[in-house]
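For reference, final_3.csv is printed below; it contains CSV, C-alpha atoms.
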chain,number,residue,atom,x,y,z
A,1,MET,CA,-29.8,-9.2,-38.4
A,2,THR,CA,-29.9,-5.6,-39.5
A,3,ARG,CA,-28.2,-2.8,-37.6
A,4,TYR,CA,-31.6,-1.4,-36.8
A,5,THR,CA,-32.8,-4.8,-35.4
A,6,GLU,CA,-29.7,-5.1,-33.3
A,7,SER,CA,-30.2,-1.6,-31.9
A,8,ILE,CA,-33.8,-2.4,-31.0
A,9,ARG,CA,-32.8,-5.6,-29.3
A,10,ALA,CA,-30.0,-3.9,-27.4
A,11,SER,CA,-32.4,-1.2,-26.2
A,12,LEU,CA,-34.9,-3.9,-25.1
A,13,ARG,CA,-32.2,-5.8,-23.3
A,14,ASP,CA,-31.0,-2.7,-21.5
A,15,ARG,CA,-34.6,-1.8,-20.5
A,16,VAL,CA,-35.1,-5.3,-19.0
A,17,LEU,CA,-31.7,-5.1,-17.2
A,18,ASP,CA,-32.5,-1.6,-15.9
A,19,ALA,CA,-35.8,-2.9,-14.5
A,20,ALA,CA,-34.1,-5.9,-12.9
A,21,TYR,CA,-31.4,-3.6,-11.4
A,22,GLY,CA,-34.0,-1.4,-9.8
A,23,LEU,CA,-36.0,-4.3,-8.4
A,24,VAL,CA,-32.9,-5.9,-6.9
A,25,ALA,CA,-31.7,-2.6,-5.5
A,26,ASP,CA,-35.2,-2.1,-3.9
A,27,ALA,CA,-35.9,-5.5,-2.5
A,28,GLY,CA,-33.1,-7.9,-3.2
A,29,TRP,CA,-32.7,-10.8,-5.5
A,30,GLY,CA,-34.6,-13.6,-3.7
A,31,GLY,CA,-38.0,-12.2,-4.2
A,32,LEU,CA,-37.4,-11.1,-7.8
A,33,ARG,CA,-39.8,-12.6,-10.3
A,34,MET,CA,-39.6,-12.4,-14.1
A,35,ALA,CA,-43.2,-11.1,-14.1
A,36,HIS,CA,-42.1,-8.1,-11.9
A,37,VAL,CA,-39.2,-7.4,-14.2
A,38,ALA,CA,-41.4,-7.6,-17.3
A,39,GLU,CA,-44.0,-5.2,-15.7
A,40,ARG,CA,-41.4,-2.6,-14.7
A,41,ALA,CA,-39.7,-2.9,-18.2
A,42,GLY,CA,-43.1,-2.6,-20.0
A,43,VAL,CA,-42.7,-5.9,-21.8
A,44,SER,CA,-44.2,-9.3,-21.6
A,45,ARG,CA,-42.9,-12.0,-19.3
A,46,GLN,CA,-42.3,-14.2,-22.4
A,47,THR,CA,-40.1,-11.4,-23.8
A,48,CYS,CA,-37.9,-11.6,-20.7
A,49,TYR,CA,-37.6,-15.3,-21.0
A,50,THR,CA,-36.9,-15.1,-24.7
A,51,GLU,CA,-34.1,-12.6,-24.2
A,52,PHE,CA,-32.5,-14.2,-21.1
A,53,GLY,CA,-33.8,-17.8,-20.8
A,54,SER,CA,-34.0,-17.9,-17.0
A,55,LYS,CA,-33.8,-15.8,-13.9
A,56,ASP,CA,-30.3,-17.0,-13.3
A,57,ALA,CA,-29.2,-16.0,-16.8
A,58,LEU,CA,-30.7,-12.6,-16.1
A,59,GLY,CA,-28.7,-12.3,-12.9
A,60,GLN,CA,-25.5,-13.3,-14.8
A,61,ALA,CA,-26.2,-10.6,-17.5
A,62,LEU,CA,-26.9,-8.0,-14.7
A,63,VAL,CA,-23.6,-8.8,-13.0
A,64,MET,CA,-21.6,-8.7,-16.3
A,65,ARG,CA,-23.1,-5.4,-17.3
A,66,GLU,CA,-21.9,-3.9,-14.1
A,67,VAL,CA,-18.5,-5.5,-14.7
A,68,ASP,CA,-18.3,-3.8,-18.1
A,69,ARG,CA,-19.2,-0.5,-16.5
A,70,PHE,CA,-16.6,-0.9,-13.8
A,71,LEU,CA,-13.9,-1.8,-16.4
A,72,ASP,CA,-14.7,1.3,-18.5
A,73,GLY,CA,-14.1,3.4,-15.3
A,74,ILE,CA,-10.9,1.5,-14.5
A,75,ARG,CA,-9.5,2.1,-18.0
A,76,GLU,CA,-10.0,5.8,-17.6
A,77,VAL,CA,-8.3,5.8,-14.2
A,78,LEU,CA,-5.4,3.8,-15.5
A,79,ASP,CA,-5.0,6.1,-18.5
A,80,GLY,CA,-4.4,8.9,-16.0
A,81,HIS,CA,-1.2,7.2,-14.7
A,82,GLY,CA,0.5,6.1,-17.9
A,83,SER,CA,3.4,3.8,-17.3
A,84,ASP,CA,3.5,4.2,-13.5
A,85,LEU,CA,2.5,0.6,-12.6
A,86,ARG,CA,2.2,1.1,-8.8
A,87,ALA,CA,0.2,4.4,-9.1
A,88,GLY,CA,-2.0,3.0,-11.7
A,89,VAL,CA,-2.8,-0.2,-9.7
A,90,THR,CA,-3.4,1.8,-6.5
A,91,ALA,CA,-5.8,4.3,-8.3
A,92,GLY,CA,-7.6,1.5,-10.2
A,93,VAL,CA,-8.2,-0.6,-7.1
A,94,GLU,CA,-9.3,2.3,-5.0
A,95,PHE,CA,-11.7,3.4,-7.8
A,96,THR,CA,-13.1,-0.1,-7.9
A,97,LEU,CA,-13.6,-0.4,-4.2
A,98,ARG,CA,-15.2,3.0,-3.8
A,99,THR,CA,-17.5,2.5,-6.8
A,100,ALA,CA,-18.5,-0.9,-5.5
A,101,ALA,CA,-19.3,0.5,-2.1
A,102,ASP,CA,-21.7,3.0,-3.7
A,103,ASN,CA,-23.2,0.5,-6.2
A,104,GLU,CA,-26.8,-0.2,-5.4
A,105,LEU,CA,-26.8,-3.6,-7.1
A,106,LEU,CA,-23.7,-4.8,-5.2
A,107,LYS,CA,-25.1,-3.5,-1.9
A,108,ALA,CA,-28.3,-5.4,-2.5
A,109,VAL,CA,-26.4,-8.6,-3.5
A,110,ILE,CA,-24.2,-8.5,-0.4
A,111,THR,CA,-27.1,-7.7,1.9
A,112,SER,CA,-29.2,-10.4,0.4
A,113,GLN,CA,-26.4,-12.9,0.9
A,114,ARG,CA,-26.1,-12.1,4.6
A,115,GLY,CA,-29.9,-12.8,4.8
A,116,GLY,CA,-29.4,-16.3,3.4
A,117,ASP,CA,-30.1,-15.5,-0.3
A,118,GLY,CA,-26.8,-16.2,-2.1
A,119,GLU,CA,-28.1,-16.9,-5.7
A,120,LEU,CA,-26.8,-13.6,-7.2
A,121,MET,CA,-23.8,-13.6,-4.9
A,122,ALA,CA,-22.6,-16.8,-6.6
A,123,HIS,CA,-21.8,-14.8,-9.7
A,124,LEU,CA,-19.2,-12.9,-7.7
A,125,THR,CA,-17.9,-15.9,-5.8
A,126,THR,CA,-18.4,-19.6,-6.7
A,127,ARG,CA,-19.5,-19.0,-10.3
A,128,SER,CA,-17.4,-16.0,-11.0
A,129,GLU,CA,-15.5,-17.3,-14.1
A,130,PRO,CA,-17.1,-14.9,-16.6
A,131,LEU,CA,-16.5,-11.9,-14.3
A,132,LEU,CA,-12.9,-13.0,-13.6
A,133,ASP,CA,-12.2,-13.9,-17.3
A,134,THR,CA,-13.5,-10.6,-18.6
A,135,ALA,CA,-11.6,-8.5,-16.0
A,136,THR,CA,-8.4,-10.5,-16.5
A,137,ALA,CA,-8.6,-10.2,-20.3
A,138,MET,CA,-9.1,-6.4,-20.2
A,139,LEU,CA,-6.4,-5.7,-17.6
A,140,GLY,CA,-4.0,-8.2,-19.3
A,141,ALA,CA,-4.3,-6.4,-22.6
A,142,TYR,CA,-4.0,-3.0,-20.9
A,143,ALA,CA,-0.9,-4.2,-18.9
A,144,ALA,CA,0.8,-5.5,-22.0
A,145,HIS,CA,0.5,-2.1,-23.7
A,146,ALA,CA,1.2,0.1,-20.6
A,147,TRP,CA,4.0,-1.9,-19.0
A,148,PRO,CA,5.9,-3.7,-21.8
A,149,GLU,CA,9.0,-3.9,-19.6
A,150,VAL,CA,7.3,-6.5,-17.4
A,151,ASP,CA,7.8,-10.0,-18.8
A,152,GLU,CA,4.6,-11.8,-19.9
A,153,TYR,CA,4.7,-14.4,-17.1
A,154,SER,CA,5.0,-11.8,-14.3
A,155,ARG,CA,2.4,-9.6,-16.0
A,156,GLU,CA,-0.1,-12.5,-16.0
A,157,LEU,CA,0.5,-13.3,-12.4
A,158,ALA,CA,0.2,-9.6,-11.4
A,159,VAL,CA,-3.1,-9.2,-13.3
A,160,GLU,CA,-4.5,-12.4,-11.7
A,161,CYS,CA,-3.5,-11.1,-8.3
A,162,VAL,CA,-5.1,-7.7,-8.7
A,163,VAL,CA,-8.3,-9.0,-10.1
A,164,ARG,CA,-8.8,-11.8,-7.5
A,165,LEU,CA,-7.7,-9.7,-4.5
A,166,THR,CA,-9.9,-6.8,-5.6
A,167,VAL,CA,-13.0,-9.0,-6.1
A,168,SER,CA,-12.3,-10.6,-2.7
A,169,ASN,CA,-12.2,-7.2,-1.1
A,170,ILE,CA,-15.4,-6.1,-2.8
A,171,VAL,CA,-17.2,-9.1,-1.3
A,172,GLN,CA,-15.5,-9.0,2.1
A,173,PRO,CA,-13.6,-5.7,2.8
A,174,VAL,CA,-11.0,-5.8,5.5
A,175,ALA,CA,-9.8,-2.2,5.5
A,176,SER,CA,-10.6,1.2,3.9
A,177,PRO,CA,-10.4,1.5,0.1
A,178,GLU,CA,-7.2,3.6,0.4
A,179,ALA,CA,-5.4,1.1,2.6
A,180,THR,CA,-6.6,-1.9,0.6
A,181,ALA,CA,-5.6,-0.3,-2.7
A,182,GLU,CA,-2.1,0.4,-1.3
A,183,ARG,CA,-1.7,-3.1,0.0
A,184,ILE,CA,-2.8,-4.7,-3.3
A,185,ALA,CA,-0.6,-2.3,-5.3
A,186,ARG,CA,2.4,-3.3,-3.2
A,187,ILE,CA,1.7,-7.0,-3.8
A,188,VAL,CA,1.1,-6.6,-7.5
A,189,THR,CA,4.2,-4.4,-8.0
A,190,ARG,CA,6.4,-7.0,-6.3
A,191,VAL,CA,4.9,-9.8,-8.4
A,192,ALA,CA,5.3,-7.8,-11.6
A,193,LEU,CA,8.9,-7.2,-10.9
A,194,LEU,CA,9.7,-10.9,-10.4
A,195,ALA,CA,11.8,-12.2,-13.3
A,196,GLU,CA,10.3,-15.0,-15.4
A,197,PRO,CA,11.6,-18.4,-14.1
A,198,GLU,CA,14.1,-20.2,-16.3

Have the structure of the file written as structure tokens, please.
Amino acid sequence: MTRYTESIRASLRDRVLDAAYGLVADAGWGGLRMAHVAERAGVSRQTCYTEFGSKDALGQALVMREVDRFLDGIREVLDGHGSDLRAGVTAGVEFTLRTAADNELLKAVITSQRGGDGELMAHLTTRSEPLLDTATAMLGAYAAHAWPEVDEYSRELAVECVVRLTVSNIVQPVASPEATAERIARIVTRVALLAEPE
């Protein structure tokens, strides 16, 4: 596949995802039809199926694109705190929770789930492995570079804690983003400072 062909395909994929994002934000996931996505994207329904295979796969791609966008923002926030683990985690979690609260797709997913439509929500909960794996890999690599003084085992535990607790608080917040970020940072810092067991 040539670079030009790859660029055209990526552009088409983004157009379909943008169309799906807008439709989900407007009316939720339950009523979404591939024909509606195709119409809004200006492509054929078959093109949507060829690119994604199914509505569920489109939903997965939609969620993962948002995850990538979140992770880009988190990297920038973490870079602003250098080697200060606690400040970095606090800022990263707060950024994530605030961004999630303003994200039209996430609002629609959570609202739809409360109305009994949990298909897209499953990609954040019961079928969240791709999301968790992607976030854990990025943060794990970042942590290894930024906090080399933390042993590998403790670093892995800390990254797992921050990812899972943050996703849990996106889906079901229990306090303000500031308070939640502080609590998660306290937990993660304590976990990171544990020595690796013998």

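Note that the spacing between atom CA of A:Leu165 and atom CA of A:Ile184 amounts to 7.1 Å.
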
**Study point:** Neighbour list for A:Leu106 as a PyMOL selection string, cut-off 12 Å, only C-alpha atoms, skip fewer than 3 positions in-chain
**Key:** chain A and resi 21-22+24-26+28-29+59+62-64+66-67+70+96-103+109-113+120-121+123-124+167+170-172

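Ranking A:Leu105, A:Val163, A:Val16, A:Ala158 by their shortest atom-to-atom distance to A:Leu131, with all atoms listed in the file included, puts A:Val163 first.
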
Pick out the residues sitting within 9 Å of A:Ile74, and hand them over as a CSV table (one decimal) with C-alpha atoms, keeping the file's coordinate frame; count all atoms listed in the file, and ignore anything fewer than 4 positions along from it in its own chain.
chain,number,residue,atom,x,y,z
A,69,ARG,CA,-19.2,-0.5,-16.5
A,70,PHE,CA,-16.6,-0.9,-13.8
A,78,LEU,CA,-5.4,3.8,-15.5
A,79,ASP,CA,-5.0,6.1,-18.5
A,91,ALA,CA,-5.8,4.3,-8.3
A,92,GLY,CA,-7.6,1.5,-10.2
A,93,VAL,CA,-8.2,-0.6,-7.1
A,95,PHE,CA,-11.7,3.4,-7.8
A,96,THR,CA,-13.1,-0.1,-7.9

Point to revise | Pick from A:Val159, A:Ala61, A:Leu32, A:Val37, whichever lies nearest to A:Trp147 using all atoms listed in the file | key: A:Val159

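Note that atom CA of A:Asp72 and atom CA of A:Leu139 are 10.9 Å apart.
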
Practice item. Quick one: pull the distance between atom CA of A:Ser168 and atom CA of A:Glu149, Å, one decimal. Key: 28.0 Å

Review point. Nearest to A:Arg86 among A:Ala10, A:Val162, A:Ala27, A:Val43, with distances taken over only C-alpha atoms: which residue is it?
Key: A:Val162

Point to revise | Close residues, A:Leu157 itself excluded, 10 Å, only C-alpha atoms, min 5 positions apart in chain, as a PyMOL selection string | key: chain A and resi 140+152+162+188+191-192+194

Select stretch 8-152 of chain A in the preceding structure and write C-alpha atoms to a file as a compact mmCIF listing (two decimals), in the first residue's frame.
# COMPACT_ATOMS: atom_id res chain seq x y z
CA ILE A 8 -6.59 8.48 1.75
CA ARG A 9 -7.69 5.50 3.83
CA ALA A 10 -6.81 7.27 7.11
CA SER A 11 -8.75 10.34 5.95
CA LEU A 12 -11.77 8.19 5.07
CA ARG A 13 -11.58 6.41 8.41
CA ASP A 14 -11.44 9.72 10.28
CA ARG A 15 -14.40 11.05 8.31
CA VAL A 16 -16.50 8.01 9.22
CA LEU A 17 -15.42 8.22 12.88
CA ASP A 18 -16.20 11.96 12.96
CA ALA A 19 -19.66 11.24 11.55
CA ALA A 20 -20.28 8.49 14.11
CA TYR A 21 -19.03 10.72 16.93
CA GLY A 22 -21.46 13.46 15.95
CA LEU A 23 -24.41 11.08 15.68
CA VAL A 24 -23.68 9.43 19.04
CA ALA A 25 -23.24 12.84 20.71
CA ASP A 26 -26.56 13.98 19.22
CA ALA A 27 -28.75 10.93 19.82
CA GLY A 28 -26.84 8.18 21.62
CA TRP A 29 -25.49 4.86 20.44
CA GLY A 30 -28.64 2.74 20.52
CA GLY A 31 -30.33 4.33 17.53
CA LEU A 32 -27.16 4.62 15.47
CA ARG A 33 -27.29 2.89 12.09
CA MET A 34 -24.41 2.43 9.67
CA ALA A 35 -26.60 3.99 6.97
CA HIS A 36 -26.84 7.19 9.05
CA VAL A 37 -23.07 7.22 9.57
CA ALA A 38 -22.48 6.70 5.85
CA GLU A 39 -24.86 9.49 4.93
CA ARG A 40 -23.26 11.97 7.31
CA ALA A 41 -19.75 10.96 6.22
CA GLY A 42 -20.68 11.22 2.54
CA VAL A 43 -19.77 7.61 1.74
CA SER A 44 -21.68 4.43 0.97
CA ARG A 45 -22.92 2.12 3.70
CA GLN A 46 -20.77 -0.62 2.18
CA THR A 47 -17.70 1.60 2.60
CA CYS A 48 -18.45 1.82 6.33
CA TYR A 49 -18.81 -1.95 6.59
CA THR A 50 -15.67 -2.53 4.52
CA GLU A 51 -13.67 -0.21 6.78
CA PHE A 52 -15.03 -1.37 10.16
CA GLY A 53 -16.88 -4.65 9.60
CA SER A 54 -19.70 -4.03 12.09
CA LYS A 55 -21.34 -1.41 14.24
CA ASP A 56 -19.61 -2.89 17.29
CA ALA A 57 -16.18 -2.60 15.63
CA LEU A 58 -17.02 1.00 14.74
CA GLY A 59 -17.83 1.62 18.41
CA GLN A 60 -14.52 0.07 19.48
CA ALA A 61 -12.64 2.26 16.99
CA LEU A 62 -14.52 5.33 18.21
CA VAL A 63 -13.59 4.62 21.84
CA MET A 64 -9.95 3.85 21.00
CA ARG A 65 -9.58 7.08 19.01
CA GLU A 66 -10.76 9.00 22.07
CA VAL A 67 -8.32 7.03 24.23
CA ASP A 68 -5.45 8.05 21.92
CA ARG A 69 -6.52 11.69 22.16
CA PHE A 70 -6.70 11.49 25.95
CA LEU A 71 -3.25 9.88 26.11
CA ASP A 72 -1.73 12.63 23.96
CA GLY A 73 -3.08 15.22 26.42
CA ILE A 74 -1.93 13.21 29.44
CA ARG A 75 1.62 13.00 28.03
CA GLU A 76 1.73 16.77 27.72
CA VAL A 77 0.49 17.24 31.29
CA LEU A 78 2.98 14.70 32.67
CA ASP A 79 5.85 16.36 30.78
CA GLY A 80 5.08 19.54 32.72
CA HIS A 81 5.92 17.80 36.02
CA GLY A 82 9.17 16.03 35.17
CA SER A 83 10.26 13.55 37.80
CA ASP A 84 7.73 14.65 40.47
CA LEU A 85 5.65 11.46 40.53
CA ARG A 86 2.90 12.66 42.84
CA ALA A 87 2.42 16.00 41.10
CA GLY A 88 2.45 14.30 37.70
CA VAL A 89 -0.12 11.70 38.68
CA THR A 90 -2.36 14.32 40.31
CA ALA A 91 -2.23 16.57 37.25
CA GLY A 92 -2.68 13.66 34.82
CA VAL A 93 -5.70 12.23 36.61
CA GLU A 94 -7.32 15.64 37.06
CA PHE A 95 -6.79 16.44 33.37
CA THR A 96 -8.34 13.10 32.40
CA LEU A 97 -11.40 13.49 34.63
CA ARG A 98 -12.03 17.09 33.55
CA THR A 99 -11.59 16.26 29.87
CA ALA A 100 -13.86 13.22 30.22
CA ALA A 101 -16.57 15.31 31.88
CA ASP A 102 -16.57 17.68 28.87
CA ASN A 103 -16.28 14.96 26.22
CA GLU A 104 -19.48 14.76 24.15
CA LEU A 105 -18.97 11.11 23.24
CA LEU A 106 -18.45 10.02 26.85
CA LYS A 107 -21.44 12.04 28.01
CA ALA A 108 -23.60 10.32 25.39
CA VAL A 109 -22.25 6.86 26.29
CA ILE A 110 -22.88 7.31 30.01
CA THR A 111 -26.32 8.85 29.44
CA SER A 112 -27.27 6.05 27.01
CA GLN A 113 -26.18 3.44 29.53
CA ARG A 114 -28.43 4.94 32.19
CA GLY A 115 -31.29 4.62 29.71
CA GLY A 116 -30.63 0.90 29.27
CA ASP A 117 -28.34 1.01 26.22
CA GLY A 118 -25.00 -0.33 27.39
CA GLU A 119 -23.48 -1.50 24.09
CA LEU A 120 -20.91 1.27 23.75
CA MET A 121 -20.39 1.48 27.52
CA ALA A 122 -19.09 -2.10 27.44
CA HIS A 123 -15.94 -0.79 25.72
CA LEU A 124 -15.25 1.18 28.91
CA THR A 125 -16.24 -1.57 31.35
CA THR A 126 -16.73 -5.28 30.62
CA ARG A 127 -14.86 -5.26 27.29
CA SER A 128 -12.29 -2.62 28.12
CA GLU A 129 -9.10 -4.67 27.52
CA PRO A 130 -7.95 -2.66 24.46
CA LEU A 131 -8.48 0.62 26.33
CA LEU A 132 -6.73 -0.60 29.48
CA ASP A 133 -3.87 -2.24 27.55
CA THR A 134 -3.22 0.89 25.47
CA ALA A 135 -3.30 3.24 28.48
CA THR A 136 -1.19 0.89 30.61
CA ALA A 137 1.44 0.48 27.88
CA MET A 138 1.78 4.23 27.31
CA LEU A 139 1.91 5.11 31.01
CA GLY A 140 4.21 2.18 31.76
CA ALA A 141 6.72 3.38 29.17
CA TYR A 142 6.40 6.94 30.44
CA ALA A 143 6.88 5.88 34.08
CA ALA A 144 9.97 3.82 33.27
CA HIS A 145 11.56 6.89 31.69
CA ALA A 146 10.35 9.55 34.15
CA TRP A 147 10.65 7.61 37.42
CA PRO A 148 13.57 5.17 37.00
CA GLU A 149 14.15 5.11 40.77
CA VAL A 150 10.91 3.15 41.22
CA ASP A 151 11.52 -0.58 40.80
CA GLU A 152 9.79 -2.29 37.87
